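Student: Following this line is my_file.cif, made up of mmCIF, C-alpha atoms:
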```cif
data_input
loop_
_atom_site.label_atom_id
_atom_site.label_comp_id
_atom_site.auth_asym_id
_atom_site.auth_seq_id
_atom_site.Cartn_x
_atom_site.Cartn_y
_atom_site.Cartn_z
CA MET A 1 163.18 78.87 61.45
CA ALA A 2 163.44 77.04 64.80
CA ASP A 3 161.03 74.19 65.54
CA ASP A 4 159.44 76.15 68.40
CA ASP A 5 158.90 79.17 66.15
CA GLN A 6 157.46 76.96 63.40
CA GLN A 7 155.04 75.34 65.87
CA SER A 8 154.03 78.74 67.25
CA LEU A 9 153.34 80.06 63.73
CA SER A 10 151.28 76.97 62.88
CA GLN A 11 149.18 77.38 66.04
CA SER A 12 148.67 81.09 65.26
CA ILE A 13 147.47 80.34 61.72
CA LYS A 14 145.19 77.55 62.94
CA SER A 15 143.74 79.75 65.67
CA ARG A 16 143.00 82.59 63.24
CA LEU A 17 141.39 80.21 60.74
CA GLN A 18 139.14 78.70 63.41
CA GLU A 19 138.24 82.13 64.75
CA GLY A 20 137.21 83.23 61.25
CA VAL A 21 134.94 80.19 60.89
CA GLN A 22 133.39 80.51 64.35
CA ASN A 23 132.73 84.25 64.09
CA SER A 24 131.41 84.29 60.52
CA VAL A 25 128.05 85.92 59.81
CA PHE A 26 127.27 82.93 57.54
CA LYS A 27 125.56 79.73 58.62
CA ASP A 28 125.20 78.00 55.21
CA LYS A 29 127.02 80.05 52.59
CA GLY A 30 126.34 77.43 49.90
CA LEU A 31 122.76 78.72 49.67
CA LEU A 32 124.19 81.91 48.18
CA ASP A 33 125.88 80.13 45.30
CA PRO A 34 123.75 81.21 42.29
CA ASP A 35 124.32 77.77 40.70
CA ALA A 36 123.27 75.78 43.77
CA VAL A 37 120.46 73.28 43.13
CA ILE A 38 117.76 74.47 45.51
CA ASP A 39 114.47 73.17 46.88
CA GLU A 40 111.19 74.06 45.17
CA ASP A 41 110.10 76.28 48.08
CA ARG A 42 113.04 78.60 47.35
CA ILE A 43 111.95 79.17 43.73
CA VAL A 44 110.16 82.49 43.25
CA GLY A 45 108.13 83.96 40.40
CA ARG A 46 108.64 81.04 38.05
CA ASP A 47 105.52 78.92 38.65
CA GLN A 48 104.53 78.74 34.98
CA GLN A 49 108.06 77.88 33.80
CA LEU A 50 108.37 75.26 36.55
CA ASP A 51 105.03 73.70 35.56
CA ASP A 52 106.02 73.64 31.89
CA ILE A 53 109.37 71.94 32.47
CA ILE A 54 107.84 69.39 34.85
CA THR A 55 105.24 68.58 32.20
CA TYR A 56 107.86 68.23 29.45
CA LEU A 57 110.18 66.03 31.53
CA ARG A 58 107.55 63.81 33.19
CA PRO A 59 107.63 61.27 30.27
CA VAL A 60 111.09 60.19 31.48
CA LEU A 61 109.44 58.54 34.51
CA GLN A 62 106.97 56.77 32.21
CA GLY A 63 109.70 55.27 30.01
CA ASN A 64 109.07 57.72 27.17
CA ARG A 65 111.18 60.34 25.42
CA PRO A 66 110.67 63.96 26.56
CA PRO A 67 110.63 66.73 23.95
CA ASN A 68 113.55 69.01 23.22
CA MET A 69 113.27 72.37 24.95
CA LEU A 70 114.43 75.93 24.31
CA LEU A 71 114.68 78.03 27.48
CA TYR A 72 115.27 81.68 26.64
CA GLY A 73 115.37 84.96 28.53
CA PRO A 74 117.92 87.44 29.98
CA SER A 75 120.79 86.33 32.22
CA GLY A 76 119.91 85.58 35.83
CA THR A 77 116.21 84.91 35.22
CA GLY A 78 116.17 81.32 36.46
CA LYS A 79 116.75 79.18 33.36
CA SER A 80 119.55 77.05 34.82
CA LEU A 81 117.99 77.12 38.27
CA ILE A 82 114.67 75.63 37.16
CA ILE A 83 115.96 73.00 34.73
CA ASN A 84 118.57 71.82 37.24
CA ALA A 85 116.05 71.67 40.11
CA VAL A 86 113.60 69.57 38.07
CA CYS A 87 116.33 67.27 36.74
CA GLN A 88 117.61 66.66 40.27
CA GLN A 89 114.17 65.45 41.36
CA ILE A 90 113.84 63.24 38.26
CA LEU A 91 117.24 61.71 39.05
CA GLU A 92 116.02 60.74 42.52
CA LEU A 93 112.65 59.40 41.32
CA ALA A 94 114.19 57.47 38.41
CA ASP A 95 116.77 55.94 40.73
CA ALA A 96 113.98 54.81 43.08
CA GLN A 97 112.28 53.12 40.10
CA GLY A 98 115.51 51.42 39.05
CA ASP A 99 115.81 53.52 35.88
CA GLN A 100 119.11 54.95 34.68
CA PHE A 101 118.51 58.64 33.99
CA GLY A 102 121.45 60.88 33.08
CA VAL A 103 121.89 64.65 33.06
CA ILE A 104 124.78 65.88 30.90
CA LYS A 105 125.38 69.60 31.52
CA THR A 106 127.70 71.71 29.38
CA ASN A 107 128.25 75.47 29.40
CA CYS A 108 129.10 76.61 25.88
CA GLN A 109 130.51 80.01 26.82
CA THR A 110 134.19 79.14 26.45
CA ILE A 111 133.91 76.38 23.83
CA LYS A 112 135.40 77.56 20.55
CA SER A 113 134.49 74.82 18.08
CA HIS A 114 132.08 72.01 17.26
CA ASP A 115 134.86 69.45 17.84
CA ARG A 116 135.64 70.88 21.28
CA ALA A 117 131.94 70.86 22.18
CA VAL A 118 131.64 67.17 21.29
CA TYR A 119 134.71 66.31 23.37
CA ARG A 120 133.31 68.27 26.32
CA LEU A 121 130.12 66.19 26.05
CA VAL A 122 132.22 63.01 26.09
CA GLU A 123 134.05 64.21 29.20
CA ASN A 124 130.88 65.13 31.04
CA ALA A 125 129.06 61.93 30.05
CA ALA A 126 132.03 59.85 31.21
CA VAL A 127 132.01 61.59 34.60
CA GLU A 128 128.25 61.06 34.92
CA ALA A 129 128.61 57.37 34.02
CA GLY A 130 131.74 56.84 36.12
CA VAL A 131 133.88 55.64 33.21
CA GLU A 132 136.93 56.82 31.27
CA ALA A 133 136.43 59.25 28.38
CA GLY A 134 137.96 56.66 26.08
CA VAL A 135 139.09 59.10 23.36
CA PRO A 136 141.85 61.75 23.37
CA GLU A 137 141.06 65.44 23.10
CA SER A 138 143.03 65.74 19.87
CA GLY A 139 144.39 63.41 17.21
CA VAL A 140 141.09 61.69 16.38
CA SER A 141 138.13 62.80 14.27
CA THR A 142 135.04 64.55 15.64
CA ASP A 143 132.94 61.62 14.39
CA ARG A 144 134.94 59.20 16.53
CA LYS A 145 134.38 61.40 19.59
CA LEU A 146 130.68 61.63 18.81
CA ASN A 147 130.44 57.84 18.46
CA ARG A 148 132.16 57.44 21.84
CA PHE A 149 129.63 59.85 23.34
CA TYR A 150 126.74 57.79 21.94
CA GLU A 151 128.42 54.60 23.20
CA ILE A 152 128.61 55.94 26.77
CA LEU A 153 124.95 56.98 26.68
CA SER A 154 123.79 53.64 25.27
CA ASP A 155 125.79 51.57 27.76
CA HIS A 156 124.90 53.47 30.92
CA PHE A 157 121.57 55.29 30.58
CA ASP A 158 117.97 54.51 29.70
CA SER A 159 117.21 58.18 29.14
CA VAL A 160 119.37 61.29 28.98
CA ILE A 161 118.79 65.02 28.92
CA ILE A 162 121.61 67.17 27.56
CA ILE A 163 121.62 70.74 28.92
CA LEU A 164 123.49 73.21 26.70
CA ASP A 165 123.78 76.45 28.64
CA GLU A 166 124.57 79.68 26.74
CA VAL A 167 124.26 77.64 23.55
CA ASP A 168 124.19 80.76 21.33
CA LEU A 169 127.87 81.41 22.18
CA LEU A 170 128.94 78.18 20.47
CA VAL A 171 129.39 79.73 17.05
CA GLY A 172 132.64 77.99 16.10
CA ARG A 173 135.22 79.17 13.61
CA GLN A 174 133.06 80.60 10.84
CA ARG A 175 135.25 81.48 7.87
CA ASP A 176 132.30 82.87 5.98
CA PRO A 177 129.23 84.77 7.30
CA ASN A 178 127.06 82.15 5.61
CA ASP A 179 128.74 79.23 7.40
CA GLU A 180 126.51 77.18 9.68
CA PRO A 181 127.21 78.01 13.36
CA ALA A 182 128.61 75.16 15.46
CA TYR A 183 125.53 75.05 17.69
CA SER A 184 123.32 74.42 14.66
CA LYS A 185 125.36 71.37 13.60
CA LEU A 186 125.49 70.03 17.18
CA LEU A 187 121.75 70.39 17.76
CA TYR A 188 121.05 68.61 14.48
CA GLN A 189 123.28 65.68 15.43
CA LEU A 190 121.99 65.33 18.99
CA SER A 191 118.30 65.66 18.16
CA ARG A 192 118.54 62.94 15.47
CA ALA A 193 120.68 60.50 17.47
CA SER A 194 117.79 58.29 18.62
CA GLN A 195 116.00 58.37 15.28
CA LEU A 196 119.15 57.28 13.43
CA GLY A 197 119.82 54.48 15.91
CA HIS A 198 123.04 55.94 17.33
CA ILE A 199 121.84 55.30 20.88
CA GLU A 200 119.49 52.72 22.33
CA GLY A 201 117.80 54.91 24.95
CA HIS A 202 115.99 58.23 24.83
CA ILE A 203 117.88 61.49 24.34
CA SER A 204 116.53 65.04 24.51
CA VAL A 205 118.20 68.44 24.51
CA ALA A 206 117.48 71.54 26.58
CA ALA A 207 119.14 74.58 24.98
CA LEU A 208 119.45 77.70 27.18
CA THR A 209 119.99 81.10 25.59
CA ASN A 210 119.63 84.84 26.18
CA ASP A 211 118.74 85.40 22.52
CA PRO A 212 115.00 85.32 21.69
CA ARG A 213 115.90 85.11 17.97
CA PHE A 214 118.07 82.02 18.45
CA MET A 215 115.90 79.74 16.28
CA GLU A 216 116.24 82.14 13.34
CA GLU A 217 119.98 81.39 13.17
CA LEU A 218 119.56 77.61 12.93
CA ASP A 219 120.06 75.77 9.68
CA GLY A 220 116.73 74.56 8.28
CA ARG A 221 117.54 70.89 8.97
CA ALA A 222 118.57 71.66 12.55
CA GLU A 223 115.45 73.73 13.16
CA SER A 224 113.24 70.91 11.87
CA SER A 225 114.92 68.12 13.85
CA PHE A 226 115.41 70.12 17.08
CA ASN A 227 111.82 71.46 17.02
CA PRO A 228 111.77 72.44 20.72
CA GLN A 229 109.09 73.35 23.23
CA ASP A 230 109.69 76.99 24.19
CA VAL A 231 109.90 78.13 27.82
CA VAL A 232 110.18 81.92 28.17
CA PHE A 233 111.84 83.60 31.17
CA SER A 234 111.26 87.33 31.76
CA ASP A 235 113.18 89.72 34.03
CA TYR A 236 112.53 89.55 37.76
CA ASP A 237 111.09 92.72 39.30
CA ALA A 238 112.33 94.19 42.61
CA ASN A 239 109.61 92.44 44.65
CA GLN A 240 110.47 89.03 43.18
CA LEU A 241 114.18 89.61 43.81
CA GLN A 242 113.37 90.52 47.39
CA SER A 243 111.40 87.27 47.80
CA ILE A 244 114.31 85.29 46.32
CA LEU A 245 116.71 86.73 48.89
CA GLU A 246 114.22 86.29 51.74
CA ARG A 247 114.12 82.58 50.92
CA ARG A 248 117.91 82.45 51.27
CA ARG A 249 118.05 84.47 54.49
CA ASP A 250 118.92 81.28 56.39
CA ALA A 251 122.33 81.33 54.69
CA TYR A 252 123.14 83.79 57.48
CA GLN A 253 123.31 83.36 61.23
CA GLU A 254 120.20 84.35 63.15
CA GLY A 255 119.93 88.08 63.78
CA VAL A 256 123.01 89.27 61.84
CA LEU A 257 121.10 90.98 59.01
CA GLU A 258 120.05 94.55 59.74
CA ASP A 259 116.73 95.80 58.35
CA GLY A 260 117.01 97.08 54.80
CA ILE A 261 119.75 94.69 53.63
CA ILE A 262 117.47 92.56 51.46
CA PRO A 263 115.45 95.46 49.95
CA LEU A 264 118.65 97.34 49.11
CA SER A 265 120.33 94.32 47.49
CA SER A 266 117.14 93.70 45.48
CA ALA A 267 116.88 97.34 44.39
CA PHE A 268 120.47 97.37 43.07
CA ALA A 269 119.89 94.15 41.10
CA ALA A 270 116.52 95.39 39.77
CA GLN A 271 118.33 98.39 38.28
CA ASP A 272 120.58 95.91 36.45
CA HIS A 273 117.82 94.23 34.39
CA GLY A 274 116.35 92.12 37.22
CA ASP A 275 119.24 89.66 37.38
CA ALA A 276 118.77 87.23 40.30
CA ARG A 277 122.39 86.06 40.06
CA LYS A 278 123.56 89.61 40.72
CA ALA A 279 121.12 90.00 43.61
CA ILE A 280 122.41 86.81 45.23
CA ASP A 281 126.05 87.75 44.55
CA LEU A 282 125.50 91.15 46.15
CA PHE A 283 123.75 89.62 49.15
CA ARG A 284 126.69 87.21 49.62
CA LYS A 285 129.43 89.79 49.05
CA ALA A 286 127.93 92.07 51.71
CA GLY A 287 128.40 89.26 54.23
CA GLU A 288 131.93 88.60 53.00
CA ILE A 289 132.79 92.25 53.56
CA ALA A 290 131.37 92.07 57.11
CA ASP A 291 133.48 88.95 57.77
CA ARG A 292 136.57 90.61 56.30
CA ARG A 293 136.13 93.50 58.71
CA SER A 294 135.40 91.16 61.65
CA GLU A 295 131.99 92.76 62.15
CA GLU A 296 129.10 90.88 63.72
CA THR A 297 126.25 92.33 61.66
CA VAL A 298 125.65 92.94 57.95
CA ARG A 299 124.62 96.55 57.35
CA GLU A 300 123.52 98.66 54.39
CA GLU A 301 127.01 100.11 54.07
CA HIS A 302 128.28 96.58 53.37
CA VAL A 303 125.74 96.22 50.54
CA ARG A 304 126.78 99.58 49.07
CA ASP A 305 130.45 98.62 49.32
CA ALA A 306 129.66 95.26 47.68
CA GLN A 307 127.86 97.05 44.84
CA GLU A 308 130.83 99.37 44.35
CA GLU A 309 133.23 96.40 44.34
CA ALA A 310 131.07 94.60 41.79
CA GLU A 311 131.00 97.66 39.52
CA ARG A 312 134.75 98.10 39.87
CA ASP A 313 135.43 94.42 39.14
CA ARG A 314 133.22 94.48 36.05
CA THR A 315 134.70 97.74 34.82
CA LEU A 316 138.27 96.58 35.49
CA THR A 317 137.70 93.37 33.54
CA GLN A 318 136.37 95.33 30.57
CA MET A 319 139.14 97.94 30.68
CA GLN A 320 142.13 95.66 31.07
CA GLY A 321 142.56 95.23 27.33
CA LEU A 322 142.51 98.94 26.48
CA SER A 323 145.68 100.74 25.40
CA THR A 324 147.16 103.49 27.59
CA GLN A 325 145.89 106.22 25.25
CA LYS A 326 142.33 104.84 25.35
CA LYS A 327 142.47 104.59 29.14
CA LEU A 328 143.78 108.15 29.37
CA SER A 329 140.99 109.47 27.12
CA LEU A 330 138.37 107.71 29.23
CA TYR A 331 140.00 108.89 32.48
CA ALA A 332 140.12 112.52 31.30
CA THR A 333 136.39 112.34 30.56
CA ALA A 334 135.54 110.65 33.87
CA VAL A 335 137.30 113.21 36.09
CA VAL A 336 135.24 116.11 34.68
CA PRO A 337 131.96 115.30 36.51
CA ILE A 338 133.96 114.27 39.62
CA TYR A 339 135.88 117.53 40.07
CA SER A 340 133.73 120.11 38.29
CA GLU A 341 132.18 122.77 40.53
CA ARG A 342 129.38 122.87 38.01
CA ASN A 343 126.89 119.98 38.03
CA LEU A 344 127.87 118.10 34.87
CA ASN A 345 126.25 114.73 34.33
CA ALA A 346 127.00 114.93 30.60
CA VAL A 347 130.58 115.86 29.68
CA PRO A 348 131.20 118.06 26.59
CA ASN A 349 133.91 116.52 24.46
CA THR A 350 135.74 119.86 24.18
CA ILE A 351 136.27 120.01 27.95
CA ALA A 352 137.30 116.36 28.17
CA TYR A 353 139.81 116.68 25.31
CA ARG A 354 141.46 119.72 26.91
CA VAL A 355 141.74 117.82 30.21
CA TYR A 356 143.25 114.93 28.22
CA GLN A 357 145.85 117.33 26.75
CA SER A 358 146.82 118.50 30.24
CA LEU A 359 147.12 114.91 31.49
CA THR A 360 149.45 113.94 28.64
CA GLU A 361 151.74 116.82 29.68
CA MET A 362 151.59 115.79 33.36
CA LEU A 363 152.45 112.17 32.52
CA ASP A 364 154.88 112.97 29.70
CA VAL A 365 153.09 110.77 27.16
CA VAL A 366 152.37 111.39 23.48
CA LYS A 367 149.51 113.85 22.92
CA LYS A 368 147.07 112.49 20.34
CA SER A 369 144.85 114.62 18.09
CA ARG A 370 141.26 115.57 18.83
CA ASP A 371 140.14 113.14 16.10
CA SER A 372 142.03 110.33 17.85
CA TYR A 373 140.38 111.21 21.16
CA LEU A 374 136.94 111.11 19.52
CA ARG A 375 137.78 107.76 17.93
CA TYR A 376 138.82 106.34 21.32
CA MET A 377 135.57 107.55 22.85
CA ARG A 378 133.54 105.98 20.05
CA GLU A 379 135.21 102.70 21.00
CA ALA A 380 134.32 103.36 24.65
CA GLU A 381 130.69 103.55 23.50
CA THR A 382 130.92 100.15 21.86
CA TYR A 383 132.15 98.73 25.20
CA ASN A 384 129.15 100.37 26.87
CA PHE A 385 131.30 102.57 29.12
CA VAL A 386 129.57 105.75 27.93
CA THR A 387 126.72 106.99 25.80
CA SER A 388 126.90 110.14 23.68
CA GLU A 389 124.55 112.79 22.39
CA LYS A 390 125.08 115.75 20.08
CA ARG A 391 124.11 119.12 21.51
CA GLY A 392 124.09 122.68 20.17
CA ARG A 393 125.17 125.68 22.25
CA GLY A 394 122.91 128.16 20.55
CA TYR A 395 122.81 129.94 17.22
CA GLY A 396 126.25 130.31 15.65
CA SER A 397 128.02 128.38 18.41
CA GLY A 398 128.22 124.99 16.69
CA VAL A 399 127.47 121.46 17.85
CA HIS A 400 129.46 119.26 20.24
CA LYS A 401 129.22 115.77 21.66
CA GLU A 402 128.43 115.10 25.31
CA TYR A 403 129.34 111.86 27.08
CA THR A 404 127.40 110.25 29.91
CA PHE A 405 128.89 107.34 31.87
CA ILE A 406 126.96 104.10 32.29
CA ASP A 407 128.65 103.38 35.63
CA ASP A 408 129.60 105.85 38.36
CA PRO A 409 132.45 108.02 36.94
CA GLU A 410 134.16 107.74 40.35
CA VAL A 411 134.34 103.96 39.94
CA VAL A 412 135.67 104.34 36.38
CA ALA A 413 138.35 106.81 37.49
CA GLU A 414 139.42 104.71 40.49
CA THR A 415 139.63 101.64 38.29
CA LEU A 416 141.77 103.41 35.71
CA GLU A 417 144.06 104.79 38.41
CA THR A 418 145.27 101.24 38.99
CA ASP A 419 147.06 101.56 35.64
CA ILE A 420 150.77 102.20 36.27
CA ARG A 421 150.80 105.30 34.03
CA LEU A 422 148.05 106.94 36.09
CA GLU A 423 149.46 106.37 39.59
CA ASP A 424 150.85 109.91 39.89
CA VAL A 425 147.51 111.48 38.88
CA GLU A 426 145.77 109.88 41.85
CA ARG A 427 148.02 111.73 44.31
CA ASP A 428 147.30 115.27 43.06
CA GLU A 429 143.54 115.85 43.31
CA GLY A 430 144.05 119.60 43.78
CA LEU A 431 145.78 119.94 40.43
CA LEU A 432 143.14 117.81 38.71
CA ARG A 433 140.36 119.91 40.22
CA SER A 434 142.08 123.08 39.00
CA ILE A 435 142.56 121.73 35.47
CA VAL A 436 138.94 120.58 35.18
CA ASN A 437 137.38 123.79 36.47
CA THR A 438 139.61 126.01 34.32
CA GLN A 439 138.39 124.15 31.23
CA VAL A 440 134.75 124.15 32.39
CA LYS A 441 134.77 127.93 32.94
CA ASP A 442 136.51 128.51 29.63
CA PHE A 443 134.02 126.33 27.74
CA PHE A 444 130.84 127.77 29.20
CA GLY A 445 132.12 131.35 29.39
CA GLY A 446 129.12 133.53 28.70
CA HIS A 447 126.81 130.58 27.94
CA ASP A 448 125.49 130.05 31.50
#
```
Since I need it in another form, could you write the structure as structure tokens?

Tutor:
Amino acid sequence: MADDDQQSLSQSIKSRLQEGVQNSVFKDKGLLDPDAVIDEDRIVGRDQQLDDIITYLRPVLQGNRPPNMLLYGPSGTGKSLIINAVCQQILELADAQGDQFGVIKTNCQTIKSHDRAVYRLVENAAVEAGVEAGVPESGVSTDRKLNRFYEILSDHFDSVIIILDEVDLLVGRQRDPNDEPAYSKLLYQLSRASQLGHIEGHISVAALTNDPRFMEELDGRAESSFNPQDVVFSDYDANQLQSILERRRDAYQEGVLEDGIIPLSSAFAAQDHGDARKAIDLFRKAGEIADRRSEETVREEHVRDAQEEAERDRTLTQMQGLSTQKKLSLYATAVVPIYSERNLNAVPNTIAYRVYQSLTEMLDVVKKSRDSYLRYMREAETYNFVTSEKRGRGYGSGVHKEYTFIDDPEVVAETLETDIRLEDVERDEGLLRSIVNTQVKDFFGGHD
């Protein structure tokens, strides 16, 4: 490419990047990061939990050890938000007093073993203290890593709080159902560190979990030494979600949000167990869609499109690991309510299996038995794609299963059409409609 052409291309790219920044509907997009540490005036519906955590952590500023805490409640109900907001303020106040307060945060979701969890704590403590980890990830014992962790804490902090998010997922490699889960061993070690003289300062643990029965799974020694103060987080309702988004409205430019955007985003999230993270994600994605389309306002259609994208992304992630036969069984079931001339919210398995048989012929793939189809659909239930119910068709007509989709069947079908074996199906809606309605009429026959 000639120098002049290269320079012209560079200017074009730069111009388009600058235009995208200048014309964005966002003013401060960081406010719509669900993990952002936010000011107290943006916290909604969590006054009691905020008061409790402030009370439990106040001893840090008095040179005393705070208690261990267990924060539990469904995802997106403010556990991380509140503990992080309070810890941020303690960091600032402790610094002003000349005290060394440390916050060591670790998400346990992807940690597979007790050893890996200890090393992650070493890494995070080293970053917080501004030093080298000092031990390798492998090749040394877990005890050596744990001692290095205690050494970093003793050398650099007067008081530390360790935040273990999604702690219930740190089960470790349990070879036997009776084996102690990794989180039980870790909580025992951390909660006894000061008492056993492993560190010179104060250490406390805040464990965050979705499981209200978490304490029941702890080993007796761990339960006794951890002995936390409980802070319970319930689902947000639609009004609280709306208030949360209202307090983040200034993430957008003045006047770009049409009426109804915030109530609609809140309503969608309220349907999904009152998850504030999902409400904020939806609110942000609607703006991203408006930016992508170079539109100057965020409208309800952007929220609906964002919700559909979110459903499709979630469904796609869940479905990626399914075999072609399982995908085909699910697809055959999903297209029935989409193309049926009869209003079918629940899909009889007999209709869906016959549609499946037709699809295998269209795609020239192996046709599995009815029992195999039913087995695949039972697995789809375990993934929470569908629910099923047995229904009778009247005296002497037998019993059949009917499937109802958790998500919009249209979203499920569109997601599955991305599979290479289903590309041809997408292009022939007329044939699909004909196949579905032939089987529907045949099934119901004289049973209308």

Student: Would you kindly translate the PyMOL selection byres ((chain A and resi 410) around 9) into the concrete residues it picks from this file, as a ChimeraX atom specification?

Tutor: /A:334-335,337-338,407-409,411-415

Student: Give me the result of the PyMOL selection byres ((chain A and resi 152) around 8) on this file, residue by residue, as number ranges by chain.

Tutor: A: 122, 125-126, 129, 148-151, 153-156

Student: Keeping only C-alpha atoms, take the residues you just selected and write them out as a PDB file, in the frame of the given file.

Tutor:
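That gives us result-v7.pdb:
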```
ATOM      1  CA  VAL A 122     132.220  63.010  26.090  1.00  0.00           C
ATOM      2  CA  ALA A 125     129.060  61.930  30.050  1.00  0.00           C
ATOM      3  CA  ALA A 126     132.030  59.850  31.210  1.00  0.00           C
ATOM      4  CA  ALA A 129     128.610  57.370  34.020  1.00  0.00           C
ATOM      5  CA  ARG A 148     132.160  57.440  21.840  1.00  0.00           C
ATOM      6  CA  PHE A 149     129.630  59.850  23.340  1.00  0.00           C
ATOM      7  CA  TYR A 150     126.740  57.790  21.940  1.00  0.00           C
ATOM      8  CA  GLU A 151     128.420  54.600  23.200  1.00  0.00           C
ATOM      9  CA  LEU A 153     124.950  56.980  26.680  1.00  0.00           C
ATOM     10  CA  SER A 154     123.790  53.640  25.270  1.00  0.00           C
ATOM     11  CA  ASP A 155     125.790  51.570  27.760  1.00  0.00           C
ATOM     12  CA  HIS A 156     124.900  53.470  30.920  1.00  0.00           C
TER      13      HIS A 156
END
```

Student: If you count only C-alpha atoms, which residues fall within 6 Å of region 61-70 of chain A, apart from same-chain ones fewer than 3 positions away, as a list of chain:residue names?

Tutor: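 Listed by chain and then number, they are A:Tyr56, A:Leu57, A:Arg58, A:His202, A:Ser204, A:Val205, A:Ala206, A:Ala207, A:Pro228, A:Gln229, A:Asp230.
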
Student: I'd like the interatomic distance between CA of Asp364 (chain A) and CA of Arg312 (chain A), to a tenth of an Å.

Tutor: 27.0 Å

Student: Of the residues A:Leu322, A:Val60, A:Leu121, A:Cys108, which is the one nearest to Asp95 (chain A), using all atoms listed in the file?

Tutor: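 Once distances to Asp95 (chain A) are computed over all atoms listed in the file, the minimum belongs to A:Val60.
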
Student: To verify the selection step, state as an NGL selection string which residues the PyMOL selection byres ((chain A and resi 389) around 6) yields on this input.

Tutor: :A and (388 or 390 or 401-402)

Student: Within 9 Å of region 52-54 of chain A, counting only C-alpha atoms, which residues show up once you throw out same-chain ones fewer than 6 positions away? Write them as a list in words, please.

Tutor: Met69, Ile82, Ile83, Val86, Cys87 and Val231 of chain A

Student: By how many Å are CA of Arg375 (chain A) and CA of Met362 (chain A) apart?

Tutor: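 Atom-to-atom, CA of Arg375 (chain A) to CA of Met362 (chain A), that is 22.2 Å.
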
Student: Which residues come within 10 Å of Ala117 (chain A), counting all atoms listed in the file, excluding same-chain residues fewer than 5 positions away, as a list in words?

Tutor: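 Neighbouring residues, sequence-local ones excluded: Thr106, Asn107, Cys108, Thr110, Ile111, Lys112, Val122, Glu123, Thr142, Leu146, Leu164, Leu170, Gly172, Ala182, Tyr183 and Leu186 of chain A.
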
Student: Rank nothing, just name the residue among A:Gln357, A:Gly445, A:Gln307, A:Glu288 nearest to Asn23 (chain A), using all atoms listed in the file.

Tutor: A:Glu288

Student: To one decimal place in Å, what is the distance between CA of Leu416 (chain A) and CA of Leu432 (chain A)?

Tutor: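 A separation of 14.8 Å between them.
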
Student: Between A:Gly430, A:Gly220, A:Gly102, A:Gly201, single out the one closest to Lys185 (chain A), counting all atoms listed in the file.

Tutor: A:Gly220

Student: Give me the residues within 9 Å of Gln100 (chain A) as number ranges by chain, counting all atoms listed in the file and dropping any in the same chain fewer than 3 places off.

Tutor: A: 91, 94-95, 97, 156-160

Student: Selection from above, C-alpha atoms, as a tab-separated table (two decimals), keeping the file's coordinate frame, can you write it?

Tutor:
```
chain	number	residue	atom	x	y	z
A	91	LEU	CA	117.24	61.71	39.05
A	94	ALA	CA	114.19	57.47	38.41
A	95	ASP	CA	116.77	55.94	40.73
A	97	GLN	CA	112.28	53.12	40.10
A	156	HIS	CA	124.90	53.47	30.92
A	157	PHE	CA	121.57	55.29	30.58
A	158	ASP	CA	117.97	54.51	29.70
A	159	SER	CA	117.21	58.18	29.14
A	160	VAL	CA	119.37	61.29	28.98
```

Student: Nearest residue to Leu245 (chain A) out of A:Arg173, A:Arg354, A:Arg42, A:Arg370, using all atoms listed in the file?

Tutor: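 Closest candidate: A:Arg42.
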
Student: Contacts between region 29-35 of chain A and region 72-137 of chain A, please, where a residue of region 72-137 of chain A counts if it comes within 10 Å (with only C-alpha atoms); show its shortest atom pair and distance in Å to one decimal, rows by chain and ascending number, as a tab-separated table.

Tutor:
```
residue	atom	partner	partner_atom	distance
A:Gly76	CA	A:Pro34	CA	8.7
A:Gly78	CA	A:Pro34	CA	9.6
A:Ser80	CA	A:Asp35	CA	7.6
A:Leu81	CA	A:Asp35	CA	6.8
A:Asn84	CA	A:Asp35	CA	9.0
```

Student: Check the smallest atom-to-atom distance from each of A:Asp211, A:Asp313, A:Asp237, A:Asp291 to Glu166 (chain A) using all atoms listed in the file, then report the winner.

Tutor: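 So, comparing all the options, the nearest one is A:Asp211.
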
Student: Identify, on the basis of only C-alpha atoms, every residue whose closest approach to region 247-254 of chain A does not exceed 9 Å; exclude the query and any residue fewer than 2 positions from it along the same chain; express the result as a list in words.

Tutor: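 Skipping anything fewer than 2 positions along the chain leaves Ser24, Val25, Phe26, Lys27, Asp28, Lys29, Gly30, Leu31, Leu32, Asp41, Arg42, Ile43, Val44, Gln242, Ser243, Ile244, Leu245, Val256, Leu257, Ile262, Ile280, Arg284 and Gly287 of chain A.
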
Student: Of the candidates A:Ser113, A:Ser294, A:Thr387, A:Ser234, which shows the shortest atom-to-atom distance to Gly274 (chain A), using only C-alpha atoms?

Tutor: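 Between A:Ser113, A:Ser294, A:Thr387, A:Ser234, the residue approaching Gly274 (chain A) most closely is A:Ser234.
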
Student: Kindly provide, as number ranges by chain, the polymer residues lying within 10 Å of (119.0, 94.1, 54.6), counting only C-alpha atoms and using the coordinates exactly as they appear in the file.

Tutor: A: 242, 245-246, 249, 256-266, 283, 286, 298-300, 302-303
